[in-house]
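S.K.: Dumping the structure here so I can ask a few things about it.
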Amino acid sequence: MSASKRILSGTIASWVQIAVAMLAQILLVPLYLSYWDASTYGLWLAVLSFSSLLSAFDLGFQEYMAYEFLKLGSRVPKKISKLLSSGMMVAIILGLIQIIVVLLIYWLDILPMIFKDLGSALKAKAIQAFYILLIQSIIWLLCNTVGGLLNRIMATFGYYPRMAWWSVLTNTVLLLSPAISVVFGANLLTAGMVMAIAKVAFDLPVWFDMLKLLKKHHVKVIRPSVALGWTSFKKSTNLSVTGFLENVRQQGARLIMSPIMGATGIAVFSTIRTGSNVALQGLRTIINPLMPELMNFLHQRDQEKTEVAFSTLWLVTIAIIAPCLLVVQTFIPLIYNTWTRGKLSFDPWLFALLSIGVLVYALSQPSIAVVKGNNLLKPQLMISIMSAVIAVVGILILVPVLGIKGAGMALLLSEIAASVAFTKIAEKWLINAGLEWPHQGFNVALLSVAFTSIGVVLMIILPNDEHLILTIALLLLAFNLYRYWLTLPQLAVIKAKAILNVFGHKN
């Protein structure tokens with residue numbers, strides 16, 4: 001398969017994965033809530049978040065190893081075998097540590113302390129949650145420690161698209177299998193067991209495929225080097241800690257809220273957050289294909305083309321995301337009750353705050369690309385620490401005072417702080433590289449974020465004037481878009497038209 005075909009296949013697979021995730025987030029909520037009560041569903045979401053948090057450190061190590069495999073290339077099978085075997089040793093140890101942590105959670109009786117609102121069912125459901133965590137950790141050790149490294153080594157030999165399509169299948173199965181079991185009467189523990197069995201069953205053919213391909217390229221498991229494994233682990237810690245802290249900010253928010261809001265509160269928070277998650281997935285389908293081009297322009301120190309890439313990314317925010325979020329804010333309360341089967345309450349403030357967070361994240365994409373694409377690891381770590389602390393402390397302070405909307409406010413403050421930091425660091429890097437930060441385009445995009453934020457807030461405060469506020473806000477966005485369009489260089493206009501046409505065809 002040629003390089004262009006591999007890129008196309010991998011891109012399509014990524015889009016399919018995103019589409020599956022978006023559909024699952026939309027369709028599975030009413031399904032679960034048709035058969036489970038809100039507290040059980042909230043506990044299920046919290047357990048999945050806990051599992052994700054426990055594996056975040058391991059994933060950072062695997063991501064580091066992926067880059068190391070790519071550095072070695074496909075023509076040195078002996079070196080790759082040594083690195084793989086040493087990495088497997090570390091990965092297995094990390095997997096065993098994860099199981100020990102889960103056992104400590106049970107021994108310290110942490111889960112009943114977190115989910116105090118389960119009433120008389122507290123002990124039974126807490127035990128079920130523990131067993132799910134334990135099963136997930138064992139499955140992670142068996143399937144994901146070594147399997148994750150094997151999966152990542154495949155890209156070195158040009159099999160990234162093949163693995164991406166395998167991931168489409170396995171991820172779809174993992175999303176659907178527990179949901180289907182719930183339809184047939186599964187409780188919390190049964191759903192967790194079904195998901196684990198499905199994971200093993202559908203990972204087996206992937207393992208056979210990867211081992212066959214590795215044999216073809218003369219890569220095999222040999223005696224590991226403790227020194228090489230330890231060195232790889234030490235070098236990966238920045239990436240691992242960064243990934244863990246980012247997971248704390250995203251998934252860990254549910255767990256931090258649990259003792260305050262209870263399992264039902266977690267269900268409400270997670271369900272309302274589905275809207276912003278879908279918006280983020282949609283954003284990535286547009287932005288991800290642009291990122292390789294942006295990084296290429298940065299490495300070439302090409303000011304004009306860099307500004308074109310920045311402008312195109314911000315145009316997505318101004319022309320698509322901002323007006324869509326305004327419109328969605330008006331009708332989402334009408335469909336939410338039906339969507340959740342009337343079992344979960346809707347908080348317009350939480351939805352609005354999370355939506356504004358998506359806008360801020362979209363605005364930050366060029367600066368994030370500069371920082372991450374140039375492997376500025378220490379700044380990434382410091383930003384992750386800062387934003388995680390703001391999110392955690394904000395939730396602990398604001399949720400008891402403001403309720404569930406306090407969590408949205410804490411996450412928004414965290415996102416704003418991260419955005420400011422990424423922008424400052426990216427601007428400094430561009431100056432040192434002989435380039436300039438496009439202040440004019442950034443300021444116009446920032447103004448659109450401000451118009452949208454004010455519009456959303458006013459629609460909540462003045463519900464009787466909602467449609468008037470929406471109309472004025474959309475007109476302001478249209479005027480700002482016209483101003484922005486006039487400032488775009490011709491090359492950016494051509495690129496922008498292509499992106500908007502693609503988006504139009506998708507809808």
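In the structure tokens, chains take the letters A, B, ... in the order shown, each chain's residues start at 1, and ligands count up from 1 in the order shown.
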List the spatial neighbours of Pro30 (chain A) as a PyMOL selection string - criterion: any atom at most 8 Å away, only C-alpha atoms, same-chain residues fewer than 6 positions off excluded.
M.R.: chain A and resi 339-341
S.K.: Any chance you could export the current selection's N, CA, C and O atoms as a short mmCIF file (atom, residue, chain, number, x, y, z; two decimals), in the first residue's frame?
M.R.:
```
data_model
loop_
_atom_site.label_atom_id
_atom_site.label_comp_id
_atom_site.auth_asym_id
_atom_site.auth_seq_id
_atom_site.Cartn_x
_atom_site.Cartn_y
_atom_site.Cartn_z
N TRP A 339 -34.75 12.55 25.85
CA TRP A 339 -33.51 11.80 25.66
C TRP A 339 -33.12 11.01 26.90
O TRP A 339 -32.64 9.88 26.82
N THR A 340 -33.35 11.60 28.08
CA THR A 340 -32.98 10.94 29.33
C THR A 340 -34.14 10.20 29.99
O THR A 340 -34.05 9.81 31.16
N ARG A 341 -35.22 10.04 29.25
CA ARG A 341 -36.40 9.32 29.76
C ARG A 341 -36.99 9.97 31.01
O ARG A 341 -37.60 9.30 31.84
#
```
S.K.: Any chance you could list, as a ChimeraX atom specification, the residues in region 278-374 of chain A that come up alpha helix (DSSP H) when DSSP is run on the backbone?
M.R.: /A:278-287,291-299,303-316,322-339,348-373
S.K.: Of the candidates A:Ser34, A:Thr264, A:Ser137, A:Gln303, which shows the shortest atom-to-atom distance to Ile431 (chain A), using only C-alpha atoms?
M.R.: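 So, comparing all the options, the nearest one is A:Gln303.
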S.K.: Please identify all polymer residues within 12 Å of Ile397 (chain A), counting only C-alpha atoms, omitting same-chain residues fewer than 5 positions from it, and present them as a PyMOL selection string.
M.R.: chain A and resi 256-257+260+389-392+402-407+409-410
S.K.: With only C-alpha atoms as the counted atoms, please give the residues lying no more than 12 Å from Lys220 (chain A), apart from itself and same-chain residues fewer than 6 positions off, as a list of chain:residue names.
M.R.: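 Final neighbour list, sorted by chain and number: A:Pro77, A:Lys78, A:Lys79, A:Ile80, A:Ser81, A:Lys82, A:Leu83, A:Leu84, A:Ser85, A:Ser86, A:Met88, A:Leu150, A:Ile153, A:Met210, A:Leu211, A:Lys212, A:Leu213, A:Leu214.
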S.K.: For those residues, write C-alpha atoms to a file as a PDB file, in the first residue's frame.
M.R.:
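Listed below is the output, again12.pdb:
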```
ATOM      1  CA  PRO A  77      14.550  -5.654  13.893  1.00  0.00           C
ATOM      2  CA  LYS A  78      17.110  -6.631  16.552  1.00  0.00           C
ATOM      3  CA  LYS A  79      17.029  -3.199  18.175  1.00  0.00           C
ATOM      4  CA  ILE A  80      13.239  -3.080  17.968  1.00  0.00           C
ATOM      5  CA  SER A  81      13.036  -6.560  19.544  1.00  0.00           C
ATOM      6  CA  LYS A  82      15.258  -5.403  22.415  1.00  0.00           C
ATOM      7  CA  LEU A  83      13.248  -2.217  22.956  1.00  0.00           C
ATOM      8  CA  LEU A  84       9.931  -4.065  22.703  1.00  0.00           C
ATOM      9  CA  SER A  85      10.945  -6.801  25.148  1.00  0.00           C
ATOM     10  CA  SER A  86      12.282  -4.265  27.657  1.00  0.00           C
ATOM     11  CA  MET A  88       6.931  -5.251  27.811  1.00  0.00           C
ATOM     12  CA  LEU A 150       2.432  -4.383  19.938  1.00  0.00           C
ATOM     13  CA  ILE A 153       4.914  -0.895  16.986  1.00  0.00           C
ATOM     14  CA  MET A 210      -0.019  -8.505  15.095  1.00  0.00           C
ATOM     15  CA  LEU A 211       2.151 -11.513  15.999  1.00  0.00           C
ATOM     16  CA  LYS A 212       1.992 -12.744  12.402  1.00  0.00           C
ATOM     17  CA  LEU A 213       3.072  -9.340  11.109  1.00  0.00           C
ATOM     18  CA  LEU A 214       5.903  -9.054  13.644  1.00  0.00           C
TER      19      LEU A 214
END
```
S.K.: Taking a cut-off of 9 Å and counting only C-alpha atoms, can you build a table that, for each residue of region 423-447 of chain A near region 304-308 of chain A, reports the nearest atom pair and how far apart they are in Å (one decimal), sorted by chain then residue number, as CSV?
M.R.:
```
residue,atom,partner,partner_atom,distance
A:Leu435,CA,A:Thr306,CA,8.8
A:Glu436,CA,A:Glu307,CA,8.8
A:Trp437,CA,A:Glu307,CA,8.2
A:Pro438,CA,A:Glu307,CA,6.5
A:Gly441,CA,A:Glu307,CA,8.8
```
S.K.: Contacts of Leu325 (chain A) at 9 Å or less, counting only C-alpha atoms, minus same-chain residues fewer than 3 places along, as a list in words?
M.R.: Ala279, Ile320, Ile321, Ala322, Val328, Gln329, Thr330, Ala352, Ser355, Ile356, Leu359, Thr452 and Val456 of chain A
S.K.: Which one of A:Lys199, A:His439, A:Arg249, A:Arg152 sits closest to Asn171 (chain A) if you count only C-alpha atoms?
M.R.: A:Lys199
S.K.: Determine, counting only C-alpha atoms, which protein, DNA and RNA residues have an atom within 9 Å of an atom of region 70-74 of chain A; residues of the same chain fewer than 6 positions away are not included. Present the result as a list of chain:residue names.
M.R.: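 My list of contacting residues is A:Ile80, A:Ile153, A:Ala155, A:Thr156, A:Phe157, A:Gly158, A:His217.
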S.K.: Using only C-alpha atoms, which of the listed residues (A:Phe269, A:Leu326, A:Leu228, A:Phe310) sits closest to Ile460 (chain A)?
M.R.: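 For Ile460 (chain A), the nearest of the given residues is A:Leu326.
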S.K.: Give the answer as one residue: which of A:Val101, A:Gln440, A:Leu33, A:Leu396 has the shortest atom-to-atom distance to Asn337 (chain A), using only C-alpha atoms?
M.R.: A:Leu33
S.K.: Quick one: everything within 10 Å of Leu96 (chain A), counting only C-alpha atoms, minus sequence neighbours fewer than 2 positions away in the same chain. Send it as a list in words.
M.R.: Val90, Ala91, Ile92, Ile93, Leu94, Gln98, Ile99, Ile100, Val101, Ser137, Ile138, Trp140, Leu141 and Thr145 of chain A
S.K.: CA of Asp37 (chain A) and CA of Ser49 (chain A) are how many Å apart?
M.R.: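 Separation between CA of Asp37 (chain A) and CA of Ser49 (chain A): 18.7 Å.
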S.K.: Go through A:Ser367, A:Leu189, A:Asn432, A:Val444 and flag the residue nearest Val420 (chain A), using only C-alpha atoms for the distances.
M.R.: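 Using only C-alpha atoms, the shortest distance to Val420 (chain A) belongs to A:Ser367.
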S.K.: Go ahead and compute the interatomic distance for CA of Ala478 (chain A) and CA of Ser364 (chain A), in Å to one decimal.
M.R.: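 Computing it gives 21.2 Å between the two atoms.
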S.K.: Counting only C-alpha atoms, give me one row per residue of region 360-423 of chain A with an atom at most 12 Å from an atom of region 312-318 of chain A, showing the shortest contact pair and its distance in Å to one decimal, sorted by chain then residue number, as a tab-separated table.
M.R.:
```
residue	atom	partner	partner_atom	distance
A:Val360	CA	A:Thr317	CA	9.2
A:Tyr361	CA	A:Thr317	CA	9.6
A:Ala362	CA	A:Thr317	CA	6.2
A:Leu363	CA	A:Trp314	CA	6.3
A:Ser364	CA	A:Trp314	CA	8.9
A:Gln365	CA	A:Leu313	CA	7.4
A:Pro366	CA	A:Leu313	CA	7.1
A:Ser367	CA	A:Leu313	CA	10.7
A:Ile368	CA	A:Leu313	CA	11.8
A:Ala369	CA	A:Leu313	CA	10.9
```
S.K.: Would you mind exporting C-alpha atoms of the selected residues as a PDB file, in the first residue's frame?
M.R.:
```pdb
ATOM      1  CA  VAL A 360     -12.055  28.142  24.344  1.00  0.00           C
ATOM      2  CA  TYR A 361     -10.506  24.782  23.461  1.00  0.00           C
ATOM      3  CA  ALA A 362     -11.152  25.410  19.755  1.00  0.00           C
ATOM      4  CA  LEU A 363      -9.549  28.844  20.012  1.00  0.00           C
ATOM      5  CA  SER A 364      -6.461  27.219  21.573  1.00  0.00           C
ATOM      6  CA  GLN A 365      -5.877  24.641  18.850  1.00  0.00           C
ATOM      7  CA  PRO A 366      -3.095  26.475  16.954  1.00  0.00           C
ATOM      8  CA  SER A 367      -1.147  27.216  20.140  1.00  0.00           C
ATOM      9  CA  ILE A 368      -1.624  23.643  21.404  1.00  0.00           C
ATOM     10  CA  ALA A 369      -0.323  22.377  18.055  1.00  0.00           C
TER      11      ALA A 369
END
```
S.K.: So how far away is CA of Ile461 (chain A) from CA of Phe331 (chain A), in Å?
M.R.: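 Pair CA of Phe331 (chain A) / CA of Ile461 (chain A) returns 15.7 Å.
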S.K.: With distances taken over only C-alpha atoms, which of A:Val268, A:Ala253, A:Ala191, A:Val173 is nearest to Lys343 (chain A)?
M.R.: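 Using only C-alpha atoms, the shortest distance to Lys343 (chain A) belongs to A:Val268.
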